[in-house]
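> My questions will all concern the structure given below.
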Amino acid sequence: MTTPTPAPSDLVRPFRVAISDSEIADLKQRLARTRWPDPETVPDWSQGVRVDNAKSLVTYWEREYDWRRFEAELNRFPQFLTTIGGLDIHFIHVKSRNPDAMPLILTHGWPGSIVEFLKLIGPLTDPVAFGGDVKDSFDVVVPSLPGFGFSAKPAEAGWTVSRIASAWVELMKRLGYNKWAAQGGDWGSVVTTALGAMRPEGLLGIHLNTPYAFPAHVPDTLSPEERHAVDGLALYTGELGGANHLQGTKPETVGFALADSPAGQAAWIYDKFQSKTDNHGLAEDALSTDDMLDAISLYWFTNSAASSGRIYWENRSASMAGPKLTLPVAVTVFPRDIPRLPRSWIEDTYSNLIHYGEADKGGHFAALEQPEILISEIRTGLRSLRR
């Protein structure tokens with residue numbers, strides 16, 4: 001599957017995460033001085049994050065959460081920087097010991113990051129060690145989107161999903177791969193879909209856990225599954241769309257509000273985890289507190305609230321009606337994703353649908369919520385692309 005050629009040392013540089021003790025101390029001091037808003041006036045989450053829940057999360061972040069534990073976990077993986085389009089792109093690159101492994105680039109969304117893929121890397125690169133088949137081995141590349149995590153922050157407009165997709169093509173070429181596949185959810189799915197529309201030389205196919213397959217014109221007569229998707233989209237763009245709308249219109253204002261307040265940053269992301277995971281009333285039913293704070297801490301220490309939010313502004317004309325694709329596409333639908341699309345629309349949008357899977361649990365953040373299911377679906381979905 002691969003013909004790896006060593007990248008020139010001046011193009012790909014090693015990287016390690018190293019947050020200073022003073023930055024960690026500053027975070028804890030800020031958390032201890034949090035000025036809390038008045039409590040909500042309703043008995044549910046309809047006004048946003050509930051103050052008692054936020055206090056519990058922030059108190060744990062201040063007193064018990066261990067950033068050094070997570071930093072060490074990140075640094076166990078080979079990490080690199082490379083400059084593409086004038087911007088430093090951070091990525092994890094783990095090669096399988098199987099010389100026939102399929103190269104796979106995994107793309108996160110918002111408020112996602114490389115955090116969500118860490119539990120996938122081992123099983124994908126070394127399936128035998130996790131009870132799988134060596135034939136399902138992958139070389140894994142996990143980049144941080146521009147403006148996210150340890151990638152550089154764009155200093156000018158123009159980093160649309162198409163430009164990001166073009167950067168990923170260059171990244172895979174720079175790593176020596178001439179045949180590869182791509183996977184993504186949330187904005188990672190938008191970037192992966194853009195790759196599918198571009199069909200660059202070497203792209204074998206893609207796997208999506210957020211299919212952008214709404215019809216350009218929704219028909220008047222709908223099946224129950226199609227009606228559920230339309231209602232889900234209304235919920236996503238309406239009641240659950242506050243963060244998306246603000247970041248799509250005023251990302252810099254959001255950045256001002258969050259850059260100086262770690263409690264505000266925590267609430268901003270916690271609200272999204274609460275509303276889009278497969279939980280029984282609380283995000284903590286679906287994600288561990290440490291998993292959530294790993295993600296939140298990465299945003300805080302990289303001061304990326306504004307720069308990450310701009311992906312909505314840069315692509316504010318995007319919709320759930322993605323382009324029709326003809327290259328091989330594998331899709332996995334998770335039951336509590338919002339909106340959850342029906343198979344009929346997915347089949348209509350992806351004419352070369354090589355796999356369709358329906359998970360029995362999980363929501364929008366599939367890699368974080370149900371890593372084992374997503375690993376199995378990636379293996380199954382992309383298996384027919386191996387030669």
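Ligands are numbered from 1 in the order shown, residues from 1 within each chain, and chains are lettered A, B, ... in the order they appear in the structure tokens.
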Quick one: pick out all helix (DSSP H, G or I) residues within range 139-239 of chain A from a backbone DSSP run and write them as an MDAnalysis selection string.

chainID A and resid 161:174 187:198 224:237

> Please list as a list in words every residue within 10 Å of Arg68 in chain A, counting only C-alpha atoms and excluding residues in the same chain fewer than 3 positions away.

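My reading of the contact set: Ala18, Ile19, Asp21, Ile24, Tyr65, Glu71, Ala72, Glu73 and Leu74 of chain A.
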
> Limited to N, CA and C atoms, could you put the picked residues into a file as an mmCIF file, in the first residue's frame?


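Printed below is result_6.cif as written:
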```
data_model
loop_
_atom_site.group_PDB
_atom_site.id
_atom_site.type_symbol
_atom_site.label_atom_id
_atom_site.label_comp_id
_atom_site.auth_asym_id
_atom_site.auth_seq_id
_atom_site.Cartn_x
_atom_site.Cartn_y
_atom_site.Cartn_z
ATOM 1 N N ALA A 18 5.043 20.686 25.527
ATOM 2 C CA ALA A 18 5.732 21.094 26.756
ATOM 3 C C ALA A 18 5.088 22.373 27.296
ATOM 4 N N ILE A 19 4.051 22.196 28.100
ATOM 5 C CA ILE A 19 3.392 23.333 28.739
ATOM 6 C C ILE A 19 4.156 23.650 30.026
ATOM 7 N N ASP A 21 5.275 25.026 33.775
ATOM 8 C CA ASP A 21 4.669 25.002 35.114
ATOM 9 C C ASP A 21 3.921 26.303 35.392
ATOM 10 N N ILE A 24 0.429 26.244 33.882
ATOM 11 C CA ILE A 24 -0.477 25.393 34.654
ATOM 12 C C ILE A 24 -0.890 26.099 35.945
ATOM 13 N N TYR A 65 -7.597 17.377 38.203
ATOM 14 C CA TYR A 65 -7.165 17.051 36.838
ATOM 15 C C TYR A 65 -5.651 17.167 36.704
ATOM 16 N N GLU A 71 -0.247 15.183 28.945
ATOM 17 C CA GLU A 71 0.909 15.609 28.160
ATOM 18 C C GLU A 71 1.826 14.422 27.878
ATOM 19 N N ALA A 72 2.055 13.584 28.889
ATOM 20 C CA ALA A 72 2.887 12.398 28.701
ATOM 21 C C ALA A 72 2.246 11.429 27.712
ATOM 22 N N GLU A 73 0.915 11.317 27.772
ATOM 23 C CA GLU A 73 0.204 10.445 26.822
ATOM 24 C C GLU A 73 0.395 10.942 25.394
ATOM 25 N N LEU A 74 0.270 12.247 25.180
ATOM 26 C CA LEU A 74 0.491 12.811 23.850
ATOM 27 C C LEU A 74 1.911 12.552 23.366
#
```

> Please list as JSON, numbers by chain every residue within 9 Å of Phe150 in chain A, counting only C-alpha atoms and excluding residues in the same chain fewer than 4 positions away.

{"A": [17, 81, 88, 89, 90, 91, 144, 145, 146, 298, 302]}

> Calculate how many Å separate CA of Leu327 in chain A from CA of Gly196 in chain A, rounding to one decimal.

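Atom-to-atom, CA of Leu327 in chain A and CA of Gly196 in chain A are spaced 6.6 Å apart.
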
> Counting only C-alpha atoms, which residues of range 57-175 of chain A sit at most 12 Å from some atom of range 246-264 of chain A, and what is each one's closest atom pair with its distance in Å to one decimal, listed by chain and rising residue number, as a Markdown table?


```
| residue | atom | partner | partner_atom | distance |
| --- | --- | --- | --- | --- |
| A:Leu57 | CA | A:Ala263 | CA | 9.0 |
| A:Val58 | CA | A:Ala263 | CA | 6.3 |
| A:Thr59 | CA | A:Ala263 | CA | 9.6 |
| A:Tyr60 | CA | A:Ala263 | CA | 11.5 |
| A:Trp61 | CA | A:Ala263 | CA | 9.4 |
| A:Glu62 | CA | A:Ala263 | CA | 10.0 |
| A:Trp110 | CA | A:Gln247 | CA | 10.7 |
| A:Pro111 | CA | A:Gln247 | CA | 11.6 |
```

> Need to verify the contact set: Pro200 in chain A, 10 Å, only C-alpha atoms, exclusion of same-chain residues closer than 3 positions in sequence. Can you return it as a list in words?

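Here the answer would be Ala165, Ser166, Val169, Leu195, Gly196, Ala197, Leu203 and Leu204 of chain A.
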
> Take CA of Pro127 in chain A and CA of Leu104 in chain A and report the distance between them in Å, one decimal.

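Between CA of Pro127 in chain A and CA of Leu104 in chain A the gap works out to 14.2 Å.
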
> Residues within 8 Å of range 113-116 of chain A, please, as a list in words. Count only C-alpha atoms; anything in the same chain fewer than 6 positions from it doesn't count.

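Surrounding residues, per the criterion: Val142, Pro143, Ser144, Leu145, Phe148, Gly149, Asp294, Ala295, Ala367 and Leu368 of chain A.
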
> Please save N, CA and C atoms of the selected residues as a tab-separated table (two decimals), in the first residue's frame.


```
chain	number	residue	atom	x	y	z
A	142	VAL	N	-2.60	11.95	11.97
A	142	VAL	CA	-3.65	12.71	12.65
A	142	VAL	C	-3.20	14.17	12.74
A	143	PRO	N	-3.63	15.01	11.80
A	143	PRO	CA	-3.24	16.42	11.85
A	143	PRO	C	-4.19	17.24	12.72
A	144	SER	N	-3.65	18.32	13.26
A	144	SER	CA	-4.47	19.34	13.91
A	144	SER	C	-4.88	20.36	12.85
A	145	LEU	N	-6.18	20.65	12.77
A	145	LEU	CA	-6.66	21.62	11.80
A	145	LEU	C	-5.95	22.97	12.00
A	148	PHE	N	-6.13	25.14	15.28
A	148	PHE	CA	-6.50	24.23	16.36
A	148	PHE	C	-5.25	23.64	16.99
A	149	GLY	N	-5.31	23.41	18.30
A	149	GLY	CA	-4.24	22.69	18.97
A	149	GLY	C	-2.88	23.29	18.71
A	294	ASP	N	-9.30	16.89	28.91
A	294	ASP	CA	-8.18	16.81	27.98
A	294	ASP	C	-8.46	17.72	26.78
A	295	ALA	N	-9.67	17.60	26.24
A	295	ALA	CA	-10.04	18.42	25.09
A	295	ALA	C	-10.08	19.90	25.45
A	367	ALA	N	-15.57	9.05	17.84
A	367	ALA	CA	-14.24	8.57	18.21
A	367	ALA	C	-14.01	8.65	19.71
A	368	LEU	N	-14.57	9.66	20.36
A	368	LEU	CA	-14.45	9.80	21.81
A	368	LEU	C	-15.43	8.90	22.55
```

> May I have all residues of range 97-236 of chain A that DSSP, computed from the backbone, assigns to strand (DSSP E), given as a list in words?

Met102, Pro103, Leu104, Ile105, Leu106, Thr107, Phe138, Asp139, Val140, Val141, Val142, Pro143, Trp180, Ala181, Ala182, Gln183, Gly184, Leu203, Leu204, Gly205, Ile206, His207 and Leu208 of chain A

> Tell me which of A:Pro39, A:Arg316, A:Ser56, A:Arg386 sits closest to Ala266 in chain A, counting only C-alpha atoms.

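Using only C-alpha atoms, the shortest distance to Ala266 in chain A belongs to A:Ser56.
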
> Looking at A:Ala359, A:Ala286, A:Ile84, A:Val134, which one is nearest to Leu171 in chain A, with distances taken over only C-alpha atoms?

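The shortest atom-to-atom distance to Leu171 in chain A comes from A:Ile84.
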
> Near Thr193 in chain A, within 10 Å and counting only C-alpha atoms, which residues show up once chain neighbours fewer than 6 positions away are dropped, as a compact mmCIF listing (two decimals) with C-alpha atoms, in the first residue's frame?


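After the write, out-v2.txt holds the following:
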```
# COMPACT_ATOMS: atom_id res chain seq x y z
CA VAL A 161 -12.18 23.36 3.98
CA SER A 162 -11.03 23.11 0.34
CA ALA A 165 -8.10 19.42 2.02
CA ALA A 182 -9.24 9.49 4.70
CA GLN A 183 -11.72 9.52 7.59
CA GLY A 184 -13.53 12.21 9.53
CA GLY A 185 -16.49 13.38 11.57
CA TRP A 187 -15.71 19.40 10.39
CA ARG A 199 -10.35 13.10 -5.93
CA ILE A 206 -13.09 7.77 2.44
CA HIS A 207 -14.99 6.86 5.60
CA LEU A 208 -17.45 9.30 7.18
CA THR A 210 -20.97 12.51 9.73
CA PRO A 211 -22.40 12.17 6.22
CA TYR A 212 -23.26 15.46 4.50
CA GLY A 322 -22.75 17.97 0.54
CA PRO A 323 -21.57 17.24 -3.01
CA LYS A 324 -22.45 13.99 -4.72
CA LEU A 325 -19.37 11.77 -4.68
CA VAL A 329 -17.34 6.02 0.30
```

> Set the distance at 12 Å and use only C-alpha atoms: which residues neighbour range 220-227 of chain A once local chain neighbours fewer than 3 positions away are removed? I'd like the list as a list in words.

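Here the qualifying residues turn out to be Ala213, Phe214, Pro215, His217, Val230, Asp231, Gly232, Leu233, Ala234, Pro335, Pro339, Arg340, Leu341, Pro342, Arg343, Ser344, Trp345 and Ile346 of chain A.
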
> Dump N, CA and C atoms for the selected residues as a compact mmCIF listing (two decimals), in the first residue's frame?


```txt
# COMPACT_ATOMS: atom_id res chain seq x y z
N ALA A 213 -25.26 14.61 3.45
CA ALA A 213 -26.00 14.01 2.35
C ALA A 213 -27.45 14.45 2.28
N PHE A 214 -27.77 15.61 2.85
CA PHE A 214 -29.12 16.14 2.66
C PHE A 214 -29.32 16.44 1.18
N PRO A 215 -30.52 16.20 0.64
CA PRO A 215 -30.77 16.61 -0.75
C PRO A 215 -30.79 18.13 -0.86
N HIS A 217 -32.79 19.90 -2.42
CA HIS A 217 -34.18 20.32 -2.23
C HIS A 217 -34.92 19.19 -1.51
N VAL A 230 -34.90 15.76 9.04
CA VAL A 230 -35.28 17.17 8.88
C VAL A 230 -35.51 17.81 10.25
N ASP A 231 -36.18 17.10 11.14
CA ASP A 231 -36.40 17.62 12.49
C ASP A 231 -35.07 17.78 13.23
N GLY A 232 -34.17 16.83 13.02
CA GLY A 232 -32.86 16.91 13.66
C GLY A 232 -32.06 18.10 13.17
N LEU A 233 -32.15 18.38 11.87
CA LEU A 233 -31.45 19.55 11.33
C LEU A 233 -32.02 20.84 11.91
N ALA A 234 -33.34 20.90 12.06
CA ALA A 234 -33.97 22.08 12.66
C ALA A 234 -33.49 22.28 14.09
N PRO A 335 -26.57 6.41 16.32
CA PRO A 335 -28.00 6.66 16.56
C PRO A 335 -28.33 8.01 17.17
N PRO A 339 -27.97 16.08 12.98
CA PRO A 339 -29.06 15.20 12.58
C PRO A 339 -28.55 13.83 12.17
N ARG A 340 -29.40 12.84 12.31
CA ARG A 340 -29.09 11.50 11.84
C ARG A 340 -29.74 11.32 10.47
N LEU A 341 -28.93 11.03 9.47
CA LEU A 341 -29.43 10.97 8.10
C LEU A 341 -29.92 9.57 7.73
N PRO A 342 -30.94 9.48 6.89
CA PRO A 342 -31.47 8.19 6.48
C PRO A 342 -30.59 7.55 5.40
N ARG A 343 -30.65 6.25 5.32
CA ARG A 343 -29.83 5.53 4.34
C ARG A 343 -30.20 5.94 2.91
N SER A 344 -31.45 6.25 2.67
CA SER A 344 -31.88 6.59 1.30
C SER A 344 -31.13 7.80 0.77
N TRP A 345 -30.95 8.82 1.59
CA TRP A 345 -30.24 10.03 1.15
C TRP A 345 -28.74 9.75 1.02
N ILE A 346 -28.21 8.92 1.89
CA ILE A 346 -26.78 8.58 1.82
C ILE A 346 -26.49 7.83 0.53
```

> What is the distance, in Å and to one decimal place, between CA of Arg16 in chain A and CA of Leu118 in chain A?

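Straight-line distance from CA of Arg16 in chain A to CA of Leu118 in chain A works out to 15.4 Å.
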
> With distances taken over only C-alpha atoms, which residue among A:Met198, A:Leu87, A:Ile105, A:Val331 lies nearest Ser151 in chain A?

A:Leu87

> Taking into account only C-alpha atoms, which residue in the set A:Ile378, A:Ser297, A:Ser288, A:Ser317 is nearest to Glu23 in chain A?

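The shortest atom-to-atom distance to Glu23 in chain A comes from A:Ser297.
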
> For a quick check of understanding, using only C-alpha atoms, which of A:Lys135, A:Arg30, A:Arg379, A:Arg163 has the smallest distance to Asn315 in chain A?

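Using only C-alpha atoms, the shortest distance to Asn315 in chain A belongs to A:Arg163.
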
> Measuring between only C-alpha atoms, which one of A:Leu175, A:Leu382, A:Leu240, A:Leu374 shows the shortest distance to Pro123 in chain A?

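The shortest atom-to-atom distance to Pro123 in chain A comes from A:Leu374.
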